[in-house]
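Trainee: Have a look at this one before I ask anything.
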Amino acid sequence: MTKMINLKINDIPVTVEEGATILDAAKKANFKVPTLCNHSDLCVAGNCRVCVVEQVGARNLQASCAVPAAEGMEILTSSAKVRRARKNIIELLLSEHRTDCTKCYKNGKCELQDLATEYAVGDNIYIDLVPFNDYSVDLSSPSIMKDDSKCIRCQRCVRTCAEMQQVAAIAVANKGSEQKISTFFDKPMANVVCTNCGQCIIRCPTGALVERNSIDEVFDAIYDPDKHVVVQTAPAVRIALGEDLDFEPGERVTGKLVTSLKLLGFDSVLDTDFTADLTIMEEGTELLTRLKKALVDGDKDVALPMTTSCSPGWIKFIEHKFPQLLSNVSTCKSPQQMFGALAKTYYAQKRNIDPSKIVSVSIMPCTAKKYEANRPEMRDSGYKDVDYVLTTRELARMIKQAGIDFKSLEDNNYDSIMGVSTGAAVIFGATGGVMEAAIRTAYEIVTGKEVPFKNLNITPVRGMEGVKEASVKIEGCVEDWKFLEGVELKVAIAHGLVNANNVLQAVKNGKADYHFIEIMACPGGCLGGGGQPIPTSLEIRNKRTAAIYEEDMNMPFRKSHENPEIKLIYEDFLGEPLGHKSHELLHTHYTEREAY
């Protein structure tokens, strides 16, 4: 039985479970204690000291996020001593901070700015005591910009990269006035490489870490009468965009998203979900082909388990850390890159447009997609397949800049030719979604029957557990797939690179008995991506997840192989899954990189 702790917050009795912090107790008593270094996804730190409170009878103020609540404590969250200390701490942070707030990308969404406003800080009493530092702005990454002049060294990014992503591409360097947050671009960390996942961005409380912005370039393309600008939208965008446009988390805004893109001036508004369906056709065929080679031909060199390849952060992670397992990765490009290749071939052919005049733009929940679009392998159309990648946040900013009243918009439908999709494609945005979509199609291809789960909802692969395992017994196979009769297809799903690392270690050590593994770099999958609205938390990710599955349930088609536009593209252009044309445009290879 859980032990309960009784204490008082500002003379109000409150009871919390043993292990809860003073900050937790204050929240339960409905008192707001400001924080900067604290985040619900991360371990306790107590670095910034903004959350200090006074314990009656104690000599020193306590960092409420780091001190456990104890029986009989009497806590004051806003005494004169606390208010003076808190204001001094905020002023000290501002004394080292380049406060050009009106020019900052995070203006209006900065936690430090909010605290400075709440505590009426403006005297800059410490500014003459702090020497000027010649801060640098790091533009080395195609996805992320790092501005040291805005860093408050709260270390949220450091903890995110180490705890959640198992990468440690960011670390604290030096001490005292020389302390800084060092990245893999600095010599002390030369053997560590960033995966571009952007999880550091969505936890940074200031403008020290932001995505590389492509808004002006996209507007310039739209304004150019000689260009035909095509846009694709990822599944996780439609269930999160509203958060930056005055909607509550978990509200679906698909129809308004389409309308806003048309008002912005894009020539054709299409759906990444179309190529998510295409990915299932290609990836599912690839998995079945590998299983046939292993089980029928006895080929012991077949790389099993096969892993998904949709997440570019995950791909860069395995290229660096587990290059010996690259053959296990599906050769499929991500849906974004499949779309880009087809936009300048199939779409150009269908619309009779010179592909050199097509500008391909994608709206993604992911900063790593910016890196992926710049990979040299992604030019199979004869051009750069995807020209510009915008995050969900960047699109929200474009909508605001254009003066569009998003809430008042009527719903609209995606354009045709690569605009029709299924519920199976929508759920790509959630962890377990790619696996569920693949099983829905592969099981039906092999048995001629729907998967034996109510309403096609394969619940064992859903949820926020770091690693999930499931199995589906294949029974009643059609003639071509008799060799799979009675096989128990074993699968695993991991989200967040710390969990991916654990699964890959098991595979590497021969302790993983799986056929297929889905891996997403970000917590919760794409819906928790580094380009999504800020803040994010487990509660918000769960609301986005519910919205994705609701969208799936309301789609007219819920299995990828039933998409009529997918059937058409194979008939008119690609031939067959894993055929010559599809292999040329939709598949790629990955590269062993320096280990870390």
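Ligands are numbered from 1 in the order shown, residues from 1 within each chain, and chains are lettered A, B, ... in the order they appear in the structure tokens.
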What's the 8 Å shell around Cys151 in chain A, counting only C-alpha atoms, without same-chain residues fewer than 5 positions away, as a list in words?
Mentor: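 So the residues in contact are His97, Ile181, Thr206, Gly207 and Ala208 of chain A.
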Trainee: Take the residues that were just selected and, keeping C-alpha atoms, output them as a PDB file, in the first residue's frame.
Mentor:
ATOM      1  CA  HIS A  97      20.858  36.492 -22.058  1.00  0.00           C
ATOM      2  CA  ILE A 181      26.190  23.673 -23.644  1.00  0.00           C
ATOM      3  CA  THR A 206      14.124  29.932 -24.750  1.00  0.00           C
ATOM      4  CA  GLY A 207      15.235  30.567 -28.329  1.00  0.00           C
ATOM      5  CA  ALA A 208      18.611  28.897 -27.858  1.00  0.00           C
TER       6      ALA A 208
END
Trainee: Return as a PyMOL selection string the full set of residues in range 219-332 of chain A whose backbone-based DSSP assignment is strand (DSSP E).
Mentor: chain A and resi 228-233+268-271+306-307
Trainee: For N, CA and C atoms, I'd like the residues from the last selection saved as a PDB file, in the first residue's frame.
Mentor:
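So selection_17.pdb came out as:
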ATOM      1  N   HIS A 228       5.578  25.665 -60.133  1.00  0.00           N
ATOM      2  CA  HIS A 228       4.375  24.935 -59.725  1.00  0.00           C
ATOM      3  C   HIS A 228       4.704  24.297 -58.379  1.00  0.00           C
ATOM      4  N   VAL A 229       4.092  24.804 -57.320  1.00  0.00           N
ATOM      5  CA  VAL A 229       4.474  24.405 -55.968  1.00  0.00           C
ATOM      6  C   VAL A 229       3.483  23.376 -55.425  1.00  0.00           C
ATOM      7  N   VAL A 230       4.006  22.195 -55.165  1.00  0.00           N
ATOM      8  CA  VAL A 230       3.216  21.084 -54.648  1.00  0.00           C
ATOM      9  C   VAL A 230       3.542  20.911 -53.169  1.00  0.00           C
ATOM     10  N   VAL A 231       2.529  20.719 -52.332  1.00  0.00           N
ATOM     11  CA  VAL A 231       2.768  20.517 -50.904  1.00  0.00           C
ATOM     12  C   VAL A 231       2.159  19.204 -50.456  1.00  0.00           C
ATOM     13  N   GLN A 232       2.850  18.509 -49.587  1.00  0.00           N
ATOM     14  CA  GLN A 232       2.359  17.282 -48.959  1.00  0.00           C
ATOM     15  C   GLN A 232       2.309  17.506 -47.449  1.00  0.00           C
ATOM     16  N   THR A 233       1.335  16.879 -46.785  1.00  0.00           N
ATOM     17  CA  THR A 233       1.210  17.039 -45.332  1.00  0.00           C
ATOM     18  C   THR A 233       1.255  15.676 -44.641  1.00  0.00           C
ATOM     19  N   SER A 268      -0.965  22.766 -55.656  1.00  0.00           N
ATOM     20  CA  SER A 268      -1.627  21.484 -55.442  1.00  0.00           C
ATOM     21  C   SER A 268      -1.378  21.037 -54.015  1.00  0.00           C
ATOM     22  N   VAL A 269      -2.458  20.699 -53.304  1.00  0.00           N
ATOM     23  CA  VAL A 269      -2.365  20.288 -51.899  1.00  0.00           C
ATOM     24  C   VAL A 269      -2.625  18.790 -51.833  1.00  0.00           C
ATOM     25  N   LEU A 270      -1.576  18.040 -51.534  1.00  0.00           N
ATOM     26  CA  LEU A 270      -1.627  16.583 -51.569  1.00  0.00           C
ATOM     27  C   LEU A 270      -1.241  16.017 -50.211  1.00  0.00           C
ATOM     28  N   ASP A 271      -1.238  14.686 -50.116  1.00  0.00           N
ATOM     29  CA  ASP A 271      -1.169  14.052 -48.798  1.00  0.00           C
ATOM     30  C   ASP A 271      -0.034  13.037 -48.717  1.00  0.00           C
ATOM     31  N   MET A 306      13.369  -7.646 -40.063  1.00  0.00           N
ATOM     32  CA  MET A 306      13.401  -6.440 -40.871  1.00  0.00           C
ATOM     33  C   MET A 306      12.858  -5.287 -40.037  1.00  0.00           C
ATOM     34  N   THR A 307      13.473  -4.126 -40.166  1.00  0.00           N
ATOM     35  CA  THR A 307      12.997  -2.945 -39.438  1.00  0.00           C
ATOM     36  C   THR A 307      12.435  -1.905 -40.406  1.00  0.00           C
TER      37      THR A 307
END
Trainee: What gap, in Å, lies between CA of Leu342 in chain A and CA of Ala236 in chain A?
Mentor: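 Distance between the two atoms: 21.2 Å.
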Trainee: Using only C-alpha atoms, can you tell me which of A:Ile474, A:Val434, A:Leu288, A:Val426 comes closest to Val451 in chain A?
Mentor: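 The answer is A:Ile474, which sits nearest to Val451 in chain A.
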Trainee: Please provide as a list in words all residues within 7 Å of Cys522 in chain A, with the sequence filter that same-chain residues fewer than 6 positions apart are discarded (counting only C-alpha atoms).
Mentor: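 Here the qualifying residues turn out to be His495, Gly496, Gly528 and Gly529 of chain A.
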Trainee: Have a look at A:Cys37, A:Asp385, A:Trp314, A:Gln179 and name the one nearest to Val359 in chain A; count only C-alpha atoms.
Mentor: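 Checking each candidate against Val359 in chain A, we get A:Asp385 as the closest.
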Trainee: Could you produce a table of the residues of range 234-311 of chain A lying within 10 Å of range 502-516 of chain A, with the nearest pair of atoms per residue and their separation in Å rounded to one decimal, using only C-alpha atoms, ordered by chain and increasing residue number, as a tab-separated table?
Mentor:
residue	atom	partner	partner_atom	distance
A:Leu287	CA	A:Phe516	CA	7.7
A:Arg290	CA	A:His515	CA	9.6
A:Leu291	CA	A:His515	CA	8.2
A:Ala303	CA	A:His515	CA	9.6
A:Leu304	CA	A:His515	CA	6.0
A:Pro305	CA	A:His515	CA	4.3
A:Met306	CA	A:Phe516	CA	4.9
A:Thr307	CA	A:Phe516	CA	5.7
A:Thr308	CA	A:Phe516	CA	7.9
Trainee: Find the residue from A:Glu372, A:Glu584, A:Asp572, A:Glu394 that sits nearest to Tyr346 in chain A; use only C-alpha atoms when measuring.
Mentor: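 Among A:Glu372, A:Glu584, A:Asp572, A:Glu394, it is A:Asp572 that comes nearest to Tyr346 in chain A.
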Trainee: Near Lys449 in chain A, within 12 Å and counting only C-alpha atoms, which residues show up once chain neighbours fewer than 4 positions away are dropped, as a PyMOL selection string?
Mentor: chain A and resi 439-445+453+456+474-478
Trainee: Any chance you can output those residues with N, CA and C atoms as a PDB file, in the first residue's frame?
Mentor:
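Once everything was written out, this is out-v4.pdb:
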ATOM      1  N   ILE A 439       0.407  -4.930 -40.854  1.00  0.00           N
ATOM      2  CA  ILE A 439      -0.263  -6.195 -40.523  1.00  0.00           C
ATOM      3  C   ILE A 439      -1.640  -6.256 -41.173  1.00  0.00           C
ATOM      4  N   ARG A 440      -2.371  -5.143 -41.176  1.00  0.00           N
ATOM      5  CA  ARG A 440      -3.695  -5.133 -41.812  1.00  0.00           C
ATOM      6  C   ARG A 440      -3.606  -5.607 -43.266  1.00  0.00           C
ATOM      7  N   THR A 441      -2.606  -5.121 -43.982  1.00  0.00           N
ATOM      8  CA  THR A 441      -2.469  -5.470 -45.400  1.00  0.00           C
ATOM      9  C   THR A 441      -1.815  -6.834 -45.602  1.00  0.00           C
ATOM     10  N   ALA A 442      -0.692  -7.079 -44.919  1.00  0.00           N
ATOM     11  CA  ALA A 442       0.041  -8.330 -45.137  1.00  0.00           C
ATOM     12  C   ALA A 442      -0.802  -9.543 -44.763  1.00  0.00           C
ATOM     13  N   TYR A 443      -1.531  -9.461 -43.661  1.00  0.00           N
ATOM     14  CA  TYR A 443      -2.356 -10.593 -43.230  1.00  0.00           C
ATOM     15  C   TYR A 443      -3.427 -10.898 -44.272  1.00  0.00           C
ATOM     16  N   GLU A 444      -4.030  -9.858 -44.828  1.00  0.00           N
ATOM     17  CA  GLU A 444      -5.089 -10.076 -45.815  1.00  0.00           C
ATOM     18  C   GLU A 444      -4.529 -10.608 -47.124  1.00  0.00           C
ATOM     19  N   ILE A 445      -3.357 -10.141 -47.518  1.00  0.00           N
ATOM     20  CA  ILE A 445      -2.726 -10.661 -48.735  1.00  0.00           C
ATOM     21  C   ILE A 445      -2.431 -12.153 -48.592  1.00  0.00           C
ATOM     22  N   PHE A 453      -8.899  -9.023 -35.513  1.00  0.00           N
ATOM     23  CA  PHE A 453      -9.025  -8.034 -34.443  1.00  0.00           C
ATOM     24  C   PHE A 453     -10.269  -7.201 -34.715  1.00  0.00           C
ATOM     25  N   LEU A 456     -10.589  -3.937 -37.082  1.00  0.00           N
ATOM     26  CA  LEU A 456      -9.229  -3.759 -37.609  1.00  0.00           C
ATOM     27  C   LEU A 456      -8.283  -3.093 -36.620  1.00  0.00           C
ATOM     28  N   ILE A 474      -0.648 -16.848 -38.297  1.00  0.00           N
ATOM     29  CA  ILE A 474      -1.159 -16.822 -39.666  1.00  0.00           C
ATOM     30  C   ILE A 474      -1.810 -18.161 -39.977  1.00  0.00           C
ATOM     31  N   GLU A 475      -3.109 -18.118 -40.246  1.00  0.00           N
ATOM     32  CA  GLU A 475      -3.860 -19.351 -40.492  1.00  0.00           C
ATOM     33  C   GLU A 475      -4.753 -19.198 -41.718  1.00  0.00           C
ATOM     34  N   GLY A 476      -4.872 -20.285 -42.494  1.00  0.00           N
ATOM     35  CA  GLY A 476      -5.730 -20.280 -43.677  1.00  0.00           C
ATOM     36  C   GLY A 476      -5.130 -19.538 -44.846  1.00  0.00           C
ATOM     37  N   CYS A 477      -3.865 -19.804 -45.156  1.00  0.00           N
ATOM     38  CA  CYS A 477      -3.169 -19.067 -46.211  1.00  0.00           C
ATOM     39  C   CYS A 477      -3.702 -19.425 -47.603  1.00  0.00           C
ATOM     40  N   VAL A 478      -3.687 -18.427 -48.487  1.00  0.00           N
ATOM     41  CA  VAL A 478      -4.015 -18.669 -49.890  1.00  0.00           C
ATOM     42  C   VAL A 478      -2.845 -19.392 -50.537  1.00  0.00           C
TER      43      VAL A 478
END
Trainee: Residues within 7 Å of range 463-471 of chain A, please, as a ChimeraX atom specification. Count only C-alpha atoms; anything in the same chain fewer than 5 positions from it doesn't count.
Mentor: /A:488-495,499,524
Trainee: Write a file of the just-selected residues containing C-alpha atoms, as an mmCIF file, in the first residue's frame.
Mentor:
data_model
loop_
_atom_site.group_PDB
_atom_site.id
_atom_site.type_symbol
_atom_site.label_atom_id
_atom_site.label_comp_id
_atom_site.auth_asym_id
_atom_site.auth_seq_id
_atom_site.Cartn_x
_atom_site.Cartn_y
_atom_site.Cartn_z
ATOM 1 C CA GLU A 488 3.443 -16.935 -35.617
ATOM 2 C CA LEU A 489 4.522 -13.548 -36.900
ATOM 3 C CA LYS A 490 6.433 -11.886 -34.058
ATOM 4 C CA VAL A 491 6.791 -8.121 -34.019
ATOM 5 C CA ALA A 492 8.203 -5.377 -31.804
ATOM 6 C CA ILE A 493 7.612 -1.650 -31.622
ATOM 7 C CA ALA A 494 9.973 0.902 -30.066
ATOM 8 C CA HIS A 495 9.721 4.692 -29.873
ATOM 9 C CA ASN A 499 14.239 2.156 -26.492
ATOM 10 C CA GLY A 524 5.043 8.669 -29.141
#
Trainee: Just the residues within 12 Å of range 410-414 of chain A, please, counting only C-alpha atoms, with nothing from its chain fewer than 4 positions along; format it as a VMD selection string.
Mentor: chain A and resid 230 to 233 252 to 263 266 to 274 404 to 406 418 to 421
Trainee: Could you write those residues out with N, CA and C atoms, as a short mmCIF file (atom, residue, chain, number, x, y, z; two decimals), in the first residue's frame?
Mentor:
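After the write, result.cif holds the following:
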data_model
loop_
_atom_site.label_atom_id
_atom_site.label_comp_id
_atom_site.auth_asym_id
_atom_site.auth_seq_id
_atom_site.Cartn_x
_atom_site.Cartn_y
_atom_site.Cartn_z
N VAL A 230 4.01 22.19 -55.16
CA VAL A 230 3.22 21.08 -54.65
C VAL A 230 3.54 20.91 -53.17
N VAL A 231 2.53 20.72 -52.33
CA VAL A 231 2.77 20.52 -50.90
C VAL A 231 2.16 19.20 -50.46
N GLN A 232 2.85 18.51 -49.59
CA GLN A 232 2.36 17.28 -48.96
C GLN A 232 2.31 17.51 -47.45
N THR A 233 1.34 16.88 -46.78
CA THR A 233 1.21 17.04 -45.33
C THR A 233 1.25 15.68 -44.64
N ARG A 252 -8.72 17.48 -34.29
CA ARG A 252 -8.37 17.22 -35.68
C ARG A 252 -8.76 18.42 -36.54
N VAL A 253 -7.82 18.86 -37.39
CA VAL A 253 -8.08 20.05 -38.22
C VAL A 253 -7.75 19.77 -39.68
N THR A 254 -7.95 18.53 -40.12
CA THR A 254 -7.53 18.11 -41.46
C THR A 254 -8.12 19.00 -42.55
N GLY A 255 -9.44 19.20 -42.54
CA GLY A 255 -10.09 19.99 -43.58
C GLY A 255 -9.64 21.43 -43.60
N LYS A 256 -9.46 22.03 -42.43
CA LYS A 256 -8.99 23.42 -42.33
C LYS A 256 -7.53 23.51 -42.77
N LEU A 257 -6.74 22.49 -42.47
CA LEU A 257 -5.34 22.44 -42.92
C LEU A 257 -5.28 22.54 -44.44
N VAL A 258 -6.10 21.75 -45.13
CA VAL A 258 -6.11 21.76 -46.59
C VAL A 258 -6.53 23.14 -47.10
N THR A 259 -7.59 23.70 -46.54
CA THR A 259 -8.08 25.01 -46.98
C THR A 259 -7.01 26.08 -46.79
N SER A 260 -6.33 26.05 -45.66
CA SER A 260 -5.30 27.08 -45.38
C SER A 260 -4.16 27.00 -46.39
N LEU A 261 -3.78 25.80 -46.77
CA LEU A 261 -2.69 25.64 -47.75
C LEU A 261 -3.10 26.16 -49.12
N LYS A 262 -4.36 25.98 -49.47
CA LYS A 262 -4.85 26.51 -50.75
C LYS A 262 -4.88 28.03 -50.70
N LEU A 263 -5.28 28.59 -49.56
CA LEU A 263 -5.29 30.05 -49.43
C LEU A 263 -3.88 30.63 -49.44
N PHE A 266 -0.46 27.47 -52.56
CA PHE A 266 0.12 26.25 -53.13
C PHE A 266 -0.72 25.80 -54.33
N ASP A 267 -0.06 25.36 -55.38
CA ASP A 267 -0.76 24.98 -56.61
C ASP A 267 -1.48 23.65 -56.48
N SER A 268 -0.97 22.77 -55.66
CA SER A 268 -1.63 21.48 -55.44
C SER A 268 -1.38 21.04 -54.01
N VAL A 269 -2.46 20.70 -53.30
CA VAL A 269 -2.36 20.29 -51.90
C VAL A 269 -2.62 18.79 -51.83
N LEU A 270 -1.58 18.04 -51.53
CA LEU A 270 -1.63 16.58 -51.57
C LEU A 270 -1.24 16.02 -50.21
N ASP A 271 -1.24 14.69 -50.12
CA ASP A 271 -1.17 14.05 -48.80
C ASP A 271 -0.03 13.04 -48.72
N THR A 272 0.84 13.23 -47.74
CA THR A 272 1.88 12.23 -47.48
C THR A 272 1.27 10.88 -47.16
N ASP A 273 0.04 10.88 -46.68
CA ASP A 273 -0.64 9.61 -46.38
C ASP A 273 -0.76 8.72 -47.62
N PHE A 274 -0.84 9.34 -48.81
CA PHE A 274 -0.87 8.55 -50.04
C PHE A 274 0.38 7.68 -50.14
N ILE A 404 -4.63 34.62 -42.12
CA ILE A 404 -5.74 33.68 -42.29
C ILE A 404 -6.36 33.38 -40.93
N ASP A 405 -7.67 33.56 -40.84
CA ASP A 405 -8.41 33.22 -39.62
C ASP A 405 -8.69 31.72 -39.65
N PHE A 406 -7.78 30.95 -39.11
CA PHE A 406 -7.82 29.49 -39.25
C PHE A 406 -9.10 28.89 -38.68
N MET A 418 -2.35 11.50 -55.95
CA MET A 418 -1.55 11.46 -54.73
C MET A 418 -2.21 12.24 -53.58
N GLY A 419 -3.54 12.28 -53.57
CA GLY A 419 -4.24 12.97 -52.50
C GLY A 419 -5.22 12.09 -51.74
N VAL A 420 -5.45 10.87 -52.24
CA VAL A 420 -6.36 9.94 -51.57
C VAL A 420 -5.56 9.00 -50.67
N SER A 421 -6.07 8.75 -49.47
CA SER A 421 -5.34 7.89 -48.54
C SER A 421 -6.32 7.08 -47.70
#
Trainee: Which residues are close to Lys357 in chain A, i.e. within 10 Å by only C-alpha atoms, leaving aside same-chain residues fewer than 4 positions away? Reply as a list of chain:residue names.
Mentor: A:Pro225, A:Asp226, A:Lys227, A:His228, A:Val229, A:Lys344, A:Ala348, A:Ile353
Trainee: Keeping N, CA and C atoms for every residue in the selection just given, could you write it to a file as a short mmCIF file (atom, residue, chain, number, x, y, z; two decimals), in the first residue's frame?
Mentor:
data_model
loop_
_atom_site.label_atom_id
_atom_site.label_comp_id
_atom_site.auth_asym_id
_atom_site.auth_seq_id
_atom_site.Cartn_x
_atom_site.Cartn_y
_atom_site.Cartn_z
N PRO A 225 5.73 33.00 -60.58
CA PRO A 225 4.74 32.49 -61.54
C PRO A 225 5.27 31.37 -62.42
N ASP A 226 6.58 31.20 -62.44
CA ASP A 226 7.18 30.16 -63.28
C ASP A 226 7.28 28.82 -62.54
N LYS A 227 6.89 28.79 -61.27
CA LYS A 227 7.01 27.57 -60.47
C LYS A 227 5.63 26.98 -60.17
N HIS A 228 5.58 25.67 -60.13
CA HIS A 228 4.37 24.94 -59.73
C HIS A 228 4.70 24.30 -58.38
N VAL A 229 4.09 24.80 -57.32
CA VAL A 229 4.47 24.41 -55.97
C VAL A 229 3.48 23.38 -55.43
N LYS A 344 7.93 14.60 -58.97
CA LYS A 344 8.67 15.09 -60.13
C LYS A 344 8.76 14.06 -61.26
N ALA A 348 4.25 14.88 -62.33
CA ALA A 348 4.62 15.77 -63.45
C ALA A 348 4.09 15.22 -64.77
N ILE A 353 3.56 18.68 -66.64
CA ILE A 353 4.36 19.80 -66.14
C ILE A 353 5.83 19.44 -66.21
#
Trainee: Which is closer to Ser537 in chain A than all the others in A:Glu571, A:Ile202, A:Asp224, A:Ala396, using only C-alpha atoms?
Mentor: A:Ile202
Trainee: Find the residue from A:Met435, A:Val472, A:Cys161, A:Leu409 that sits nearest to Leu484 in chain A; use only C-alpha atoms when measuring.
Mentor: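 Ranked by minimum distance to Leu484 in chain A, first place goes to A:Val472.
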Trainee: With DSSP run on the backbone, what are the helix (DSSP H, G or I) residues within range 64-301 of chain A? I'd like them as a ChimeraX atom specification.
Mentor: /A:80-95,101-103,111-118,127-129,148-150,156-164,176-178,187-189,201-203,215-223,241-244,254-264,272-295
Trainee: Take the residues from that selection and write them out as a compact mmCIF listing (two decimals), in the first residue's frame, keeping C-alpha atoms.
Mentor:
# COMPACT_ATOMS: atom_id res chain seq x y z
CA ALA A 80 8.88 37.89 0.72
CA LYS A 81 12.09 35.86 0.91
CA VAL A 82 10.98 33.61 -1.98
CA ARG A 83 9.85 36.51 -4.16
CA ARG A 84 13.15 38.40 -3.68
CA ALA A 85 15.20 35.29 -4.43
CA ARG A 86 13.13 34.33 -7.44
CA LYS A 87 13.33 37.81 -8.93
CA ASN A 88 17.10 37.89 -8.38
CA ILE A 89 17.48 34.50 -10.08
CA ILE A 90 15.50 35.64 -13.10
CA GLU A 91 17.52 38.87 -13.30
CA LEU A 92 20.77 36.89 -13.15
CA LEU A 93 19.57 34.67 -16.00
CA LEU A 94 18.65 37.75 -18.03
CA SER A 95 22.02 39.39 -17.39
CA CYS A 101 13.14 39.49 -27.77
CA THR A 102 11.29 41.27 -30.58
CA LYS A 103 13.67 39.69 -33.11
CA GLU A 111 9.35 30.64 -20.90
CA LEU A 112 12.07 33.03 -19.70
CA GLN A 113 10.27 35.95 -21.34
CA ASP A 114 7.05 34.92 -19.60
CA LEU A 115 8.79 34.83 -16.21
CA ALA A 116 10.42 38.23 -16.78
CA THR A 117 6.96 39.65 -17.51
CA GLU A 118 5.30 37.97 -14.51
CA ILE A 127 24.18 43.72 -16.29
CA ASP A 128 27.34 45.70 -15.46
CA LEU A 129 28.70 42.80 -13.39
CA ASP A 148 24.49 30.36 -27.26
CA SER A 149 23.52 33.94 -26.45
CA LYS A 150 20.02 32.77 -25.56
CA ARG A 156 16.85 20.31 -20.47
CA CYS A 157 18.39 19.64 -23.90
CA VAL A 158 21.28 17.71 -22.34
CA ARG A 159 18.94 15.49 -20.33
CA THR A 160 16.65 14.97 -23.30
CA CYS A 161 19.47 13.89 -25.59
CA ALA A 162 21.01 11.55 -23.03
CA GLU A 163 17.97 10.15 -21.20
CA MET A 164 15.37 9.92 -23.93
CA GLY A 176 31.80 28.89 -13.92
CA SER A 177 31.51 31.82 -16.30
CA GLU A 178 32.95 29.65 -19.10
CA LYS A 187 36.10 19.25 -30.56
CA PRO A 188 35.57 17.73 -27.09
CA MET A 189 32.66 15.76 -28.55
CA ILE A 201 14.13 22.05 -29.48
CA ILE A 202 10.76 21.16 -28.01
CA ARG A 203 12.23 21.17 -24.50
CA ILE A 215 9.34 30.03 -44.58
CA ASP A 216 10.70 32.84 -46.79
CA GLU A 217 12.04 30.40 -49.40
CA VAL A 218 8.66 28.67 -49.63
CA PHE A 219 6.78 31.98 -49.94
CA ASP A 220 9.23 33.04 -52.68
CA ALA A 221 8.48 29.82 -54.60
CA ILE A 222 4.72 30.39 -54.23
CA TYR A 223 5.09 33.97 -55.55
CA LEU A 241 -1.38 22.09 -36.07
CA GLY A 242 -4.42 23.43 -34.23
CA GLU A 243 -2.42 23.73 -30.99
CA ASP A 244 -0.54 26.70 -32.47
CA THR A 254 -7.53 18.11 -41.46
CA GLY A 255 -10.09 19.99 -43.58
CA LYS A 256 -8.99 23.42 -42.33
CA LEU A 257 -5.34 22.44 -42.92
CA VAL A 258 -6.11 21.76 -46.59
CA THR A 259 -8.08 25.01 -46.98
CA SER A 260 -5.30 27.08 -45.38
CA LEU A 261 -2.69 25.64 -47.75
CA LYS A 262 -4.85 26.51 -50.75
CA LEU A 263 -5.29 30.05 -49.43
CA LEU A 264 -1.52 30.34 -48.97
CA THR A 272 1.88 12.23 -47.48
CA ASP A 273 -0.64 9.61 -46.38
CA PHE A 274 -0.87 8.55 -50.04
CA THR A 275 2.78 7.50 -50.00
CA ALA A 276 2.35 6.04 -46.50
CA ASP A 277 -0.09 3.63 -48.17
CA LEU A 278 2.49 3.09 -50.90
CA THR A 279 5.12 2.40 -48.24
CA ILE A 280 2.93 -0.39 -46.84
CA MET A 281 2.66 -1.98 -50.28
CA GLU A 282 6.41 -1.85 -50.82
CA GLU A 283 7.51 -2.62 -47.26
CA GLY A 284 4.94 -5.38 -46.80
CA THR A 285 6.04 -7.03 -50.04
CA GLU A 286 9.66 -6.71 -48.97
CA LEU A 287 8.94 -8.40 -45.62
CA LEU A 288 7.02 -11.25 -47.26
CA THR A 289 9.80 -11.68 -49.81
CA ARG A 290 12.42 -11.93 -47.05
CA LEU A 291 10.28 -14.46 -45.16
CA LYS A 292 9.89 -16.58 -48.30
CA LYS A 293 13.63 -16.58 -48.94
CA ALA A 294 14.30 -17.60 -45.34
CA LEU A 295 11.54 -20.18 -44.88
Trainee: Just the number, please: distance in Å from CA of Ala430 in chain A to CA of Thr545 in chain A, one decimal.
Mentor: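 Atom-to-atom, CA of Ala430 in chain A and CA of Thr545 in chain A are spaced 6.1 Å apart.
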Trainee: Taking only C-alpha atoms into account, produce a table as JSON lines in which each residue of range 483-594 of chain A with an atom at most 12 Å from an atom of range 389-393 of chain A appears once, together with its shortest atom pair and the distance in Å to one decimal, ordered by chain and rising number.
Mentor:
{"residue": "A:Cys526", "atom": "CA", "partner": "A:Thr392", "partner_atom": "CA", "distance": 11.2}
{"residue": "A:Leu527", "atom": "CA", "partner": "A:Thr392", "partner_atom": "CA", "distance": 10.4}
{"residue": "A:Gly528", "atom": "CA", "partner": "A:Thr392", "partner_atom": "CA", "distance": 11.3}
{"residue": "A:Gly529", "atom": "CA", "partner": "A:Thr391", "partner_atom": "CA", "distance": 9.4}
{"residue": "A:Gly530", "atom": "CA", "partner": "A:Thr391", "partner_atom": "CA", "distance": 8.4}
{"residue": "A:Gly531", "atom": "CA", "partner": "A:Thr391", "partner_atom": "CA", "distance": 4.8}
{"residue": "A:Gln532", "atom": "CA", "partner": "A:Thr392", "partner_atom": "CA", "distance": 5.4}
{"residue": "A:Pro533", "atom": "CA", "partner": "A:Arg393", "partner_atom": "CA", "distance": 5.7}
{"residue": "A:Ile534", "atom": "CA", "partner": "A:Arg393", "partner_atom": "CA", "distance": 8.4}
{"residue": "A:Pro535", "atom": "CA", "partner": "A:Arg393", "partner_atom": "CA", "distance": 11.3}
Trainee: Please determine, counting only C-alpha atoms, which residue among A:Trp481, A:Met338, A:Asp246, A:Lys543 has the shortest atom-to-atom distance to Ser408 in chain A.
Mentor: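 Distance minimum relative to Ser408 in chain A lands on A:Asp246.
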Trainee: How far is it from CA of Cys48 in chain A to CA of Met4 in chain A, in Å with one decimal?
Mentor: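 Between CA of Cys48 in chain A and CA of Met4 in chain A the gap is 28.6 Å.
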